[in-house]
Amino acid sequence: MTVPAIDITTLPGPAQKILDPSGPAPLKAMAAKGLMPGLPPGAMLAVLVTLSLGGDAHAEVARKTLEKLPPPLLNGALALADLHPAVLDVLGPIYATDAAISEKVLLHPGVVPDTVAGMAAAGTEGVCELIATNEERLLAFPAIIEKLYLNKNCRMSTADRILELAVRNDIVLNIPAFAQAKAAIAGELISEPTVEPTFDDEQFVAARREAEAAAKALGAGEDTHQLNPETGLEEATPKVRSLAAIWADMRPPQKIRLLATGAGSDEAKDAAEGQSAALRMMGVRDPNPLVAMAALESPGINENDIIRITALRNVAEDVLRSIGNSKEWTRHYMVKLHLVANPRTPFGQASRFVMHLRESDIKNLAKSKEVSGAIQTAAKQQLSRKGKT
């Protein structure tokens, strides 16, 4: 439900004077700071919200005023049954870090689902728990489930519960790798709500913390794994060993959600992307195909990731098949070359790209012992068609 706009003509005369486009600027400046003597709480907040949504110099001042409202004014306004939904819509996300205020907003008769969704996206753990208790509202407005699931503050056990609720009621969610998350939650034992966080909740938080640490430790473009020359197997580098240890013990639904929320961080954008990249390279190597595919569909995946992924020898066949079917990714030459050279790429796909490779690379493939015999043959046939040997 869309939030209705505030009809200025329904406000008291002094409030209409403040908001009149042709009204005196000094009056607006005072109002933006919350200086509106004589106006009742509901009208004061309606004026502040209207000013905050404007495009003039008073908007930022009004927004800052709304963030620091005196408790008596805020609580008095929230006690009004006729408080405008637009006021609730602005206040909800601002005070989504305060469980007591959030509870009053959520229980207010004028609150609309869009406001709850905004609070679900910004809420702390406690506020997310409050929102998740109203299953009827979650089912009626799945966008709230989506926001809760993608909010890194929402408990893992709560995310499991609301995801299972959606799946059980045949609701399709607009979240990254929903198909994989749906399949992973099937057959899982869903825990009842608890006062204290569960082990899964704590493990999810620990994994996020280690992912952030790994992102800071890894250099630009640095992989999370390296080849052990003695065993011939890939191993997590020392920089991500703690993350790898937690990752190994996590359930698939945890891993999939961690991948989906990896880009959400309170740190700078570059740090958040580094965190996501570390998780993607960890996830794409996961032995569970659902997790590996979720890594491929996680937010922020880019050309450099795809080039690195197609070069891996221990990546799931489903991942390589999906990349091979993508017109976006196979536009890049190195992706095509890696798909052809990777023995785990299904032959039907790998062979399609042989004709698109440079002659020097085809010659290397024709005599390489690291590719399948079928690819060697396909490379030789391509050279023969070109009149080369």
# chains A, B, ... in the order shown; residues from 1 in each chain; ligands from 1
$ residues_around --residues "stretch 308-319 of chain A" --least-positions-apart "4" --cutoff "8 Å" --atoms "only C-alpha atoms" --output "list in words"
Met281, Val284, Arg285, Asp286, Pro287, Pro289, Ala292, Met293, Leu296, Asn304, Ile323, Val335, His338, Leu339, Asn342, Pro343, Arg344, Thr345 and Pro346 of chain A
$ residues_around --residues "A:Leu83" --least-positions-apart "3" --cutoff "10 Å" --atoms "only C-alpha atoms" --output "mmCIF file with C-alpha atoms, in the first residue's frame"
data_model
loop_
_atom_site.group_PDB
_atom_site.id
_atom_site.type_symbol
_atom_site.label_atom_id
_atom_site.label_comp_id
_atom_site.auth_asym_id
_atom_site.auth_seq_id
_atom_site.Cartn_x
_atom_site.Cartn_y
_atom_site.Cartn_z
ATOM 1 C CA PRO A 41 2.462 17.342 18.288
ATOM 2 C CA GLY A 42 0.746 15.779 15.284
ATOM 3 C CA ALA A 43 0.751 19.016 13.298
ATOM 4 C CA LEU A 45 5.527 16.423 12.937
ATOM 5 C CA ALA A 46 3.411 16.783 9.802
ATOM 6 C CA ALA A 77 2.546 12.133 18.653
ATOM 7 C CA LEU A 78 2.685 8.342 18.421
ATOM 8 C CA ALA A 79 -0.166 8.142 20.923
ATOM 9 C CA LEU A 80 -2.438 9.985 18.496
ATOM 10 C CA ALA A 86 3.273 9.761 6.040
ATOM 11 C CA VAL A 87 4.604 10.848 9.427
ATOM 12 C CA LEU A 88 4.838 7.233 10.520
ATOM 13 C CA HIS A 108 -0.201 2.233 15.274
ATOM 14 C CA PRO A 109 -3.501 1.883 13.357
ATOM 15 C CA GLY A 110 -2.226 4.233 10.638
ATOM 16 C CA VAL A 111 0.951 2.370 9.740
#
$ closest_atom_pairs --of "stretch 26-106 of chain A" --to "stretch 122-139 of chain A" --cutoff "12 Å" --atoms "only C-alpha atoms" --output "Markdown table"
| residue | atom | partner | partner_atom | distance |
| --- | --- | --- | --- | --- |
| A:Leu91 | CA | A:Ala122 | CA | 11.7 |
| A:Gly92 | CA | A:Ala122 | CA | 9.2 |
| A:Pro93 | CA | A:Ala122 | CA | 6.0 |
| A:Ile94 | CA | A:Ala122 | CA | 8.2 |
| A:Tyr95 | CA | A:Gly123 | CA | 8.3 |
| A:Ala96 | CA | A:Gly123 | CA | 4.5 |
| A:Thr97 | CA | A:Thr124 | CA | 5.2 |
| A:Asp98 | CA | A:Val127 | CA | 7.4 |
| A:Ala99 | CA | A:Val127 | CA | 5.4 |
| A:Ala100 | CA | A:Val127 | CA | 8.8 |
| A:Ile101 | CA | A:Val127 | CA | 9.6 |
| A:Ser102 | CA | A:Val127 | CA | 6.7 |
| A:Glu103 | CA | A:Leu130 | CA | 7.2 |
| A:Lys104 | CA | A:Leu130 | CA | 10.8 |
| A:Val105 | CA | A:Ile131 | CA | 10.7 |
| A:Leu106 | CA | A:Ile131 | CA | 7.6 |
$ write_last_selection --atoms "N, CA and C atoms" --output "compact mmCIF listing (two decimals), in the first residue's frame"
# COMPACT_ATOMS: atom_id res chain seq x y z
N LEU A 91 9.15 8.45 10.26
CA LEU A 91 9.68 8.16 11.60
C LEU A 91 10.10 6.70 11.74
N GLY A 92 9.36 5.78 11.11
CA GLY A 92 9.63 4.35 11.27
C GLY A 92 11.07 3.96 11.01
N PRO A 93 11.59 4.19 9.80
CA PRO A 93 12.99 3.84 9.52
C PRO A 93 14.00 4.61 10.36
N ILE A 94 13.69 5.90 10.67
CA ILE A 94 14.63 6.70 11.46
C ILE A 94 14.83 6.09 12.84
N TYR A 95 13.73 5.62 13.44
CA TYR A 95 13.79 5.10 14.82
C TYR A 95 13.75 3.58 14.85
N ALA A 96 14.16 2.95 13.74
CA ALA A 96 14.17 1.48 13.69
C ALA A 96 15.30 0.88 14.52
N THR A 97 16.10 1.72 15.16
CA THR A 97 17.12 1.23 16.08
C THR A 97 16.62 1.26 17.53
N ASP A 98 15.43 1.77 17.72
CA ASP A 98 14.84 1.88 19.05
C ASP A 98 13.62 0.96 19.12
N ALA A 99 13.74 -0.12 19.88
CA ALA A 99 12.67 -1.12 19.92
C ALA A 99 11.39 -0.56 20.51
N ALA A 100 11.50 0.29 21.54
CA ALA A 100 10.30 0.83 22.19
C ALA A 100 9.52 1.74 21.24
N ILE A 101 10.22 2.63 20.55
CA ILE A 101 9.55 3.51 19.59
C ILE A 101 9.02 2.70 18.42
N SER A 102 9.82 1.76 17.95
CA SER A 102 9.40 0.94 16.80
C SER A 102 8.13 0.16 17.10
N GLU A 103 8.02 -0.33 18.32
CA GLU A 103 6.82 -1.09 18.68
C GLU A 103 5.58 -0.20 18.58
N LYS A 104 5.71 1.05 19.01
CA LYS A 104 4.57 1.97 18.92
C LYS A 104 4.21 2.25 17.46
N VAL A 105 5.22 2.38 16.61
CA VAL A 105 4.95 2.62 15.19
C VAL A 105 4.27 1.40 14.58
N LEU A 106 4.79 0.21 14.88
CA LEU A 106 4.24 -1.02 14.30
C LEU A 106 2.81 -1.30 14.74
$ select_by_dssp --residues "stretch 235-309 of chain A" --states "helix (DSSP H, G or I)" --output "PyMOL selection string"
chain A and resi 238-249+252-260+269-283+289-296+303-309
$ write_last_selection --atoms "C-alpha atoms" --output "PDB file, in the first residue's frame"
ATOM      1  CA  PRO A 238      46.015 -18.071   5.918  1.00  0.00           C
ATOM      2  CA  LYS A 239      44.185 -14.766   5.467  1.00  0.00           C
ATOM      3  CA  VAL A 240      40.786 -16.493   5.241  1.00  0.00           C
ATOM      4  CA  ARG A 241      41.425 -19.596   7.322  1.00  0.00           C
ATOM      5  CA  SER A 242      39.140 -18.467  10.156  1.00  0.00           C
ATOM      6  CA  LEU A 243      36.315 -17.748   7.703  1.00  0.00           C
ATOM      7  CA  ALA A 244      36.882 -21.116   5.997  1.00  0.00           C
ATOM      8  CA  ALA A 245      36.664 -22.932   9.334  1.00  0.00           C
ATOM      9  CA  ILE A 246      33.295 -21.351  10.169  1.00  0.00           C
ATOM     10  CA  TRP A 247      32.083 -21.792   6.594  1.00  0.00           C
ATOM     11  CA  ALA A 248      32.768 -25.527   6.684  1.00  0.00           C
ATOM     12  CA  ASP A 249      30.398 -25.957   9.653  1.00  0.00           C
ATOM     13  CA  PRO A 252      23.471 -24.438   3.317  1.00  0.00           C
ATOM     14  CA  PRO A 253      20.668 -21.962   4.193  1.00  0.00           C
ATOM     15  CA  GLN A 254      23.156 -19.973   6.285  1.00  0.00           C
ATOM     16  CA  LYS A 255      25.702 -19.892   3.481  1.00  0.00           C
ATOM     17  CA  ILE A 256      23.142 -18.842   0.899  1.00  0.00           C
ATOM     18  CA  ARG A 257      21.871 -15.992   3.060  1.00  0.00           C
ATOM     19  CA  LEU A 258      25.420 -14.916   3.884  1.00  0.00           C
ATOM     20  CA  LEU A 259      26.105 -14.686   0.152  1.00  0.00           C
ATOM     21  CA  ALA A 260      22.901 -12.739  -0.420  1.00  0.00           C
ATOM     22  CA  LYS A 269      31.704   0.595  -0.240  1.00  0.00           C
ATOM     23  CA  ASP A 270      35.090  -0.829  -1.239  1.00  0.00           C
ATOM     24  CA  ALA A 271      35.342  -2.791   2.008  1.00  0.00           C
ATOM     25  CA  ALA A 272      31.812  -4.125   1.543  1.00  0.00           C
ATOM     26  CA  GLU A 273      32.635  -5.273  -1.976  1.00  0.00           C
ATOM     27  CA  GLY A 274      35.810  -6.935  -0.715  1.00  0.00           C
ATOM     28  CA  GLN A 275      33.753  -8.798   1.841  1.00  0.00           C
ATOM     29  CA  SER A 276      31.322  -9.937  -0.850  1.00  0.00           C
ATOM     30  CA  ALA A 277      34.127 -11.028  -3.187  1.00  0.00           C
ATOM     31  CA  ALA A 278      35.711 -13.151  -0.460  1.00  0.00           C
ATOM     32  CA  LEU A 279      32.378 -14.820   0.223  1.00  0.00           C
ATOM     33  CA  ARG A 280      31.690 -15.420  -3.467  1.00  0.00           C
ATOM     34  CA  MET A 281      35.031 -17.148  -4.001  1.00  0.00           C
ATOM     35  CA  MET A 282      34.416 -19.229  -0.885  1.00  0.00           C
ATOM     36  CA  GLY A 283      30.868 -20.063  -1.930  1.00  0.00           C
ATOM     37  CA  PRO A 289      25.652 -27.154  -5.827  1.00  0.00           C
ATOM     38  CA  LEU A 290      22.898 -25.003  -4.300  1.00  0.00           C
ATOM     39  CA  VAL A 291      25.465 -22.929  -2.435  1.00  0.00           C
ATOM     40  CA  ALA A 292      27.790 -22.739  -5.430  1.00  0.00           C
ATOM     41  CA  MET A 293      24.979 -21.482  -7.655  1.00  0.00           C
ATOM     42  CA  ALA A 294      23.899 -19.000  -4.994  1.00  0.00           C
ATOM     43  CA  ALA A 295      27.442 -17.590  -5.065  1.00  0.00           C
ATOM     44  CA  LEU A 296      27.112 -17.133  -8.800  1.00  0.00           C
ATOM     45  CA  GLU A 303      33.518  -9.900 -14.837  1.00  0.00           C
ATOM     46  CA  ASN A 304      36.692 -10.424 -12.811  1.00  0.00           C
ATOM     47  CA  ASP A 305      34.874 -12.908 -10.563  1.00  0.00           C
ATOM     48  CA  ILE A 306      33.570 -14.835 -13.548  1.00  0.00           C
ATOM     49  CA  ILE A 307      37.003 -15.010 -15.170  1.00  0.00           C
ATOM     50  CA  ARG A 308      38.480 -16.408 -11.949  1.00  0.00           C
ATOM     51  CA  ILE A 309      35.594 -18.833 -11.440  1.00  0.00           C
TER      52      ILE A 309
END
$ residues_around --residues "stretch 18-35 of chain A" --least-positions-apart "5" --cutoff "8 Å" --atoms "only C-alpha atoms" --output "MDAnalysis selection string"
chainID A and resid 8 44 47:48 50:52 58:59 61:62 65
$ residues_around --residues "stretch 158-169 of chain A" --least-positions-apart "4" --cutoff "8 Å" --atoms "only C-alpha atoms" --output "PyMOL selection string"
chain A and resi 129+132+139+142+145+148-149+154+173+182+185-186+190-193+253
$ write_last_selection --atoms "C-alpha atoms" --output "PDB file, in the first residue's frame"
ATOM      1  CA  GLU A 129      12.123  -9.756  15.872  1.00  0.00           C
ATOM      2  CA  ALA A 132       8.679 -11.025  12.262  1.00  0.00           C
ATOM      3  CA  LEU A 139       2.122 -13.179   4.162  1.00  0.00           C
ATOM      4  CA  PRO A 142       6.028 -10.379   1.110  1.00  0.00           C
ATOM      5  CA  ILE A 145       9.943 -10.785   4.354  1.00  0.00           C
ATOM      6  CA  LEU A 148      14.031  -8.836   6.819  1.00  0.00           C
ATOM      7  CA  TYR A 149      15.893 -11.636   5.045  1.00  0.00           C
ATOM      8  CA  CYS A 154      17.998 -10.063  11.379  1.00  0.00           C
ATOM      9  CA  LEU A 173      10.445 -13.794  -2.971  1.00  0.00           C
ATOM     10  CA  LYS A 182      13.991 -22.418  -1.266  1.00  0.00           C
ATOM     11  CA  ILE A 185      15.342 -24.802   3.410  1.00  0.00           C
ATOM     12  CA  ALA A 186      13.269 -27.831   2.358  1.00  0.00           C
ATOM     13  CA  ILE A 190      12.905 -24.765  11.697  1.00  0.00           C
ATOM     14  CA  SER A 191      13.401 -23.606  15.269  1.00  0.00           C
ATOM     15  CA  GLU A 192      10.761 -21.767  17.262  1.00  0.00           C
ATOM     16  CA  PRO A 193      11.446 -18.145  18.271  1.00  0.00           C
ATOM     17  CA  PRO A 253      20.668 -21.962   4.193  1.00  0.00           C
TER      18      PRO A 253
END
$ atom_distance --atom1 "atom CA of A:Leu11" --atom2 "atom CA of A:Leu107"
23.9 Å
$ atom_distance --atom1 "atom CA of A:Ala374" --atom2 "atom CA of A:Ser351"
8.6 Å
$ atom_distance --atom1 "atom CA of A:Glu146" --atom2 "atom CA of A:Pro176"
9.8 Å
$ residues_around --residues "stretch 364-366 of chain A" --least-positions-apart "5" --cutoff "7 Å" --atoms "only C-alpha atoms" --output "list in words"
Gln376, Thr377, Ala379 and Lys380 of chain A
$ closest_residue --among "A:Pro71, A:Ala117, A:Leu53, A:Arg209" --to "A:Thr2" --atoms "only C-alpha atoms"
A:Ala117
